[in-house]
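This is work.txt (compact mmCIF, N, CA and C atoms).
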# COMPACT_ATOMS: atom_id res chain seq x y z
N MET K 812 96.73 91.91 36.33
CA MET K 812 96.58 92.75 37.49
C MET K 812 95.34 93.59 37.32
N GLY K 813 94.74 93.91 38.46
CA GLY K 813 93.53 94.70 38.43
C GLY K 813 93.83 96.17 38.36
N LYS K 814 92.80 96.90 38.03
CA LYS K 814 92.93 98.35 37.98
C LYS K 814 93.03 98.91 39.39
N ILE K 815 93.82 99.95 39.53
CA ILE K 815 93.91 100.66 40.81
C ILE K 815 92.81 101.68 40.82
N THR K 816 91.98 101.54 41.83
CA THR K 816 90.88 102.48 41.98
C THR K 816 91.00 103.19 43.31
N VAL K 817 90.18 104.20 43.50
CA VAL K 817 90.17 104.94 44.76
C VAL K 817 89.81 104.00 45.90
N ASP K 818 88.91 103.05 45.67
CA ASP K 818 88.51 102.10 46.71
C ASP K 818 89.69 101.23 47.13
N ASN K 819 90.49 100.78 46.15
CA ASN K 819 91.65 99.95 46.47
C ASN K 819 92.69 100.74 47.28
N VAL K 820 92.93 101.96 46.92
CA VAL K 820 93.91 102.79 47.61
C VAL K 820 93.46 103.04 49.04
N GLU K 821 92.18 103.37 49.21
CA GLU K 821 91.66 103.59 50.57
C GLU K 821 91.73 102.31 51.38
N SER K 822 91.48 101.17 50.74
CA SER K 822 91.53 99.89 51.42
C SER K 822 92.96 99.60 51.89
N ASP K 823 93.94 99.86 51.01
CA ASP K 823 95.33 99.66 51.41
C ASP K 823 95.70 100.58 52.56
N SER K 824 95.21 101.81 52.49
CA SER K 824 95.48 102.77 53.55
C SER K 824 94.84 102.31 54.86
N ASP K 825 93.62 101.77 54.78
CA ASP K 825 92.95 101.25 55.98
C ASP K 825 93.71 100.07 56.55
N ASP K 826 94.23 99.19 55.70
CA ASP K 826 95.02 98.05 56.17
C ASP K 826 96.26 98.52 56.91
N GLY K 827 96.90 99.55 56.40
CA GLY K 827 98.08 100.11 57.05
C GLY K 827 97.72 100.73 58.39
N SER K 828 96.58 101.38 58.44
CA SER K 828 96.14 101.99 59.68
C SER K 828 95.81 100.92 60.72
N VAL K 829 95.14 99.86 60.28
CA VAL K 829 94.80 98.75 61.19
C VAL K 829 96.07 98.06 61.66
N SER K 830 97.02 97.86 60.76
CA SER K 830 98.29 97.25 61.13
C SER K 830 99.03 98.09 62.16
N LYS K 831 99.03 99.41 61.93
CA LYS K 831 99.71 100.31 62.86
C LYS K 831 99.02 100.28 64.23
N GLN K 832 97.68 100.27 64.22
CA GLN K 832 96.94 100.21 65.49
C GLN K 832 97.23 98.90 66.21
N THR K 833 97.23 97.80 65.44
CA THR K 833 97.52 96.49 66.03
C THR K 833 98.93 96.48 66.61
N TRP K 834 99.87 97.02 65.86
CA TRP K 834 101.26 97.10 66.33
C TRP K 834 101.35 97.92 67.61
N ASN K 835 100.70 99.06 67.65
CA ASN K 835 100.72 99.91 68.84
C ASN K 835 100.11 99.20 70.04
N LYS K 836 99.00 98.50 69.83
CA LYS K 836 98.37 97.76 70.93
C LYS K 836 99.30 96.66 71.43
N LEU K 837 99.92 95.95 70.50
CA LEU K 837 100.84 94.89 70.88
C LEU K 837 102.04 95.45 71.64
N GLN K 838 102.56 96.56 71.15
CA GLN K 838 103.69 97.21 71.82
C GLN K 838 103.32 97.65 73.24
N ASN K 839 102.16 98.25 73.38
CA ASN K 839 101.70 98.70 74.71
C ASN K 839 101.48 97.51 75.64
N ALA K 840 100.91 96.43 75.11
CA ALA K 840 100.68 95.24 75.93
C ALA K 840 102.01 94.65 76.40
N CYS K 841 102.98 94.56 75.51
CA CYS K 841 104.30 94.03 75.88
C CYS K 841 104.98 94.94 76.90
N HIS K 842 104.87 96.22 76.71
CA HIS K 842 105.46 97.18 77.65
C HIS K 842 104.84 97.01 79.03
N SER K 843 103.51 96.93 79.07
CA SER K 843 102.81 96.76 80.35
C SER K 843 103.19 95.46 81.02
N GLN K 844 103.25 94.38 80.25
CA GLN K 844 103.61 93.07 80.81
C GLN K 844 105.05 93.10 81.33
N GLY K 845 105.94 93.70 80.57
CA GLY K 845 107.33 93.81 81.01
C GLY K 845 107.45 94.64 82.29
N TYR K 846 106.69 95.70 82.38
CA TYR K 846 106.69 96.54 83.58
C TYR K 846 106.21 95.72 84.78
N ARG K 847 105.11 94.98 84.60
CA ARG K 847 104.59 94.16 85.70
C ARG K 847 105.60 93.11 86.14
N GLU K 848 106.21 92.44 85.18
CA GLU K 848 107.20 91.41 85.52
C GLU K 848 108.40 92.01 86.23
N GLY K 849 108.85 93.17 85.76
CA GLY K 849 109.98 93.84 86.41
C GLY K 849 109.64 94.27 87.83
N LEU K 850 108.43 94.75 88.03
CA LEU K 850 107.98 95.17 89.35
C LEU K 850 107.93 93.98 90.30
N ILE K 851 107.39 92.87 89.83
CA ILE K 851 107.31 91.66 90.66
C ILE K 851 108.70 91.16 90.99
N GLU K 852 109.58 91.13 90.00
CA GLU K 852 110.96 90.66 90.21
C GLU K 852 111.67 91.55 91.23
N GLY K 853 111.51 92.85 91.11
CA GLY K 853 112.14 93.78 92.05
C GLY K 853 111.62 93.59 93.47
N LYS K 854 110.32 93.41 93.60
CA LYS K 854 109.74 93.19 94.93
C LYS K 854 110.27 91.89 95.53
N ASP K 855 110.33 90.84 94.71
CA ASP K 855 110.82 89.55 95.21
C ASP K 855 112.27 89.65 95.68
N ARG K 856 113.09 90.35 94.92
CA ARG K 856 114.50 90.51 95.31
C ARG K 856 114.62 91.26 96.63
N LYS K 857 113.90 92.36 96.75
CA LYS K 857 113.98 93.15 97.98
C LYS K 857 113.43 92.36 99.17
N LEU K 858 112.37 91.60 98.95
CA LEU K 858 111.81 90.79 100.02
C LEU K 858 112.84 89.77 100.49
N GLN K 859 113.51 89.12 99.54
CA GLN K 859 114.53 88.13 99.90
C GLN K 859 115.69 88.78 100.63
N GLU K 860 116.13 89.95 100.15
CA GLU K 860 117.23 90.66 100.82
C GLU K 860 116.84 91.01 102.26
N GLY K 861 115.63 91.49 102.45
CA GLY K 861 115.17 91.84 103.80
C GLY K 861 115.10 90.61 104.69
N PHE K 862 114.61 89.51 104.13
CA PHE K 862 114.54 88.27 104.91
C PHE K 862 115.94 87.82 105.31
N ASP K 863 116.87 87.84 104.36
CA ASP K 863 118.24 87.42 104.64
C ASP K 863 118.87 88.27 105.74
N GLN K 864 118.68 89.58 105.66
CA GLN K 864 119.24 90.48 106.68
C GLN K 864 118.61 90.21 108.04
N GLY K 865 117.29 90.07 108.07
CA GLY K 865 116.59 89.81 109.33
C GLY K 865 116.98 88.47 109.93
N TYR K 866 117.14 87.47 109.07
CA TYR K 866 117.53 86.15 109.56
C TYR K 866 118.91 86.20 110.19
N LEU K 867 119.85 86.86 109.52
CA LEU K 867 121.21 86.97 110.05
C LEU K 867 121.21 87.73 111.37
N PHE K 868 120.45 88.83 111.43
CA PHE K 868 120.38 89.61 112.67
C PHE K 868 119.80 88.75 113.80
N GLY K 869 118.71 88.06 113.52
CA GLY K 869 118.09 87.19 114.53
C GLY K 869 119.02 86.08 114.98
N PHE K 870 119.76 85.51 114.04
CA PHE K 870 120.70 84.45 114.38
C PHE K 870 121.78 84.96 115.31
N LYS K 871 122.33 86.13 114.97
CA LYS K 871 123.39 86.70 115.82
C LYS K 871 122.86 87.02 117.21
N GLN K 872 121.64 87.58 117.27
CA GLN K 872 121.05 87.91 118.58
C GLN K 872 120.84 86.64 119.40
N SER K 873 120.34 85.60 118.76
CA SER K 873 120.11 84.33 119.46
C SER K 873 121.42 83.73 119.95
N GLN K 874 122.44 83.81 119.12
CA GLN K 874 123.74 83.28 119.50
C GLN K 874 124.30 84.05 120.70
N ASN K 875 124.21 85.37 120.67
CA ASN K 875 124.69 86.18 121.79
C ASN K 875 123.92 85.87 123.07
N SER K 876 122.62 85.73 122.93
CA SER K 876 121.78 85.42 124.10
C SER K 876 122.14 84.05 124.68
N ALA K 877 122.34 83.07 123.80
CA ALA K 877 122.70 81.73 124.26
C ALA K 877 124.06 81.73 124.96
N GLU K 878 125.01 82.48 124.43
CA GLU K 878 126.33 82.57 125.07
C GLU K 878 126.22 83.21 126.45
N MET K 879 125.41 84.26 126.55
CA MET K 879 125.24 84.94 127.84
C MET K 879 124.57 84.01 128.85
N LYS K 880 123.55 83.29 128.41
CA LYS K 880 122.87 82.34 129.32
C LYS K 880 123.83 81.26 129.78
N GLY K 881 124.66 80.78 128.86
CA GLY K 881 125.65 79.76 129.23
C GLY K 881 126.65 80.29 130.23
N PHE K 882 127.10 81.52 130.01
CA PHE K 882 128.05 82.14 130.92
C PHE K 882 127.44 82.30 132.33
N LEU K 883 126.21 82.82 132.37
CA LEU K 883 125.57 83.02 133.67
C LEU K 883 125.30 81.70 134.38
N SER K 884 124.96 80.67 133.63
CA SER K 884 124.76 79.34 134.23
C SER K 884 126.06 78.80 134.80
N ALA K 885 127.16 79.05 134.09
CA ALA K 885 128.46 78.61 134.60
C ALA K 885 128.84 79.36 135.87
N VAL K 886 128.54 80.67 135.92
CA VAL K 886 128.80 81.45 137.13
C VAL K 886 127.97 80.90 138.29
N MET K 887 126.72 80.55 138.02
CA MET K 887 125.87 79.98 139.07
C MET K 887 126.46 78.68 139.61
N LEU K 888 126.93 77.82 138.72
CA LEU K 888 127.50 76.55 139.15
C LEU K 888 128.80 76.76 139.94
N HIS K 889 129.58 77.72 139.51
CA HIS K 889 130.84 78.00 140.19
C HIS K 889 130.59 78.56 141.60
N ASN K 890 129.50 79.31 141.75
CA ASN K 890 129.17 79.93 143.04
C ASN K 890 127.92 79.27 143.63
N ILE K 891 127.87 77.98 143.60
CA ILE K 891 126.67 77.25 144.01
C ILE K 891 126.29 77.51 145.47
N ARG K 892 127.24 77.85 146.27
CA ARG K 892 126.96 78.07 147.70
C ARG K 892 126.50 79.49 148.00
N ASN K 893 126.67 80.38 147.05
CA ASN K 893 126.25 81.77 147.25
C ASN K 893 124.80 81.90 146.79
N LEU K 894 123.88 81.66 147.71
CA LEU K 894 122.46 81.62 147.38
C LEU K 894 121.93 82.96 146.88
N GLU K 895 122.41 84.03 147.49
CA GLU K 895 121.93 85.36 147.09
C GLU K 895 122.31 85.65 145.62
N LEU K 896 123.56 85.36 145.27
CA LEU K 896 124.02 85.56 143.90
C LEU K 896 123.23 84.66 142.94
N ASN K 897 123.04 83.41 143.33
CA ASN K 897 122.31 82.48 142.47
C ASN K 897 120.87 82.93 142.23
N GLU K 898 120.23 83.48 143.22
CA GLU K 898 118.85 83.98 143.05
C GLU K 898 118.82 85.15 142.07
N LYS K 899 119.78 86.04 142.21
CA LYS K 899 119.86 87.18 141.28
C LYS K 899 120.10 86.69 139.85
N LEU K 900 121.00 85.71 139.71
CA LEU K 900 121.30 85.19 138.37
C LEU K 900 120.09 84.45 137.79
N LYS K 901 119.35 83.73 138.62
CA LYS K 901 118.14 83.04 138.14
C LYS K 901 117.12 84.06 137.63
N THR K 902 117.01 85.17 138.33
CA THR K 902 116.07 86.22 137.90
C THR K 902 116.51 86.79 136.56
N ILE K 903 117.81 87.04 136.42
CA ILE K 903 118.32 87.57 135.15
C ILE K 903 118.08 86.59 134.02
N LEU K 904 118.36 85.32 134.29
CA LEU K 904 118.16 84.29 133.26
C LEU K 904 116.68 84.16 132.87
N ALA K 905 115.80 84.28 133.83
CA ALA K 905 114.36 84.18 133.56
C ALA K 905 113.89 85.34 132.70
N ASP K 906 114.50 86.50 132.87
CA ASP K 906 114.10 87.69 132.11
C ASP K 906 114.66 87.69 130.67
N MET K 907 115.60 86.83 130.41
CA MET K 907 116.23 86.80 129.07
C MET K 907 115.33 86.11 128.08

Represent the structure from my file as structure tokens, please.
Amino acid sequence: MGKITVDNVESDSDDGSVSKQTWNKLQNACHSQGYREGLIEGKDRKLQEGFDQGYLFGFKQSQNSAEMKGFLSAVMLHNIRNLELNEKLKTILADM
């Protein structure tokens, strides 16, 4: 084994300091990457939730509108001889 000198001790101390700095940089990089991934994942989940809610709302609105149009069309057919009523119903249907 070699002699322990002041140079060797300082060198070991420098290696420990470099290792600690490297470890801190690696830790910070992992933390930052994890934060970014978590942020992206959270945004994606909220975006999907919003889409799902909007899609369901739009579907229900479309279904209600289609039912109303069907009902008004049936009323028109049932009252085919009432021209005034049919004109009013055609206007309502056109506005839907």

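The coordinates place atom CA of K:Lys854 at 17.1 Å from atom C of K:His842.
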
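Take atom CA of K:Ser876 and atom N of K:Met907: the distance between them is 8.9 Å.
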
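Across the structure, atom N of K:Leu904 and atom CA of K:Ile891 are spaced 15.1 Å apart.
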
Please return the centre and edge lengths, in Å to one decimal, of a box with edges along x, y and z that contains all listed atoms of stretch 852-869 of chain K, widened by 4 Å on every side, as lines of an AutoDock Vina configuration file.
center_x = 115.4
center_y = 89.9
center_z = 102.5
size_x = 19.6
size_y = 15.7
size_z = 33.0

Calculated over all atoms listed in the file, which of the candidates K:Lys880, K:Gln844, K:Gly827, K:Lys857 has the smallest distance to K:Ile903?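 That would be K:Lys880, the residue with the smallest distance to K:Ile903.
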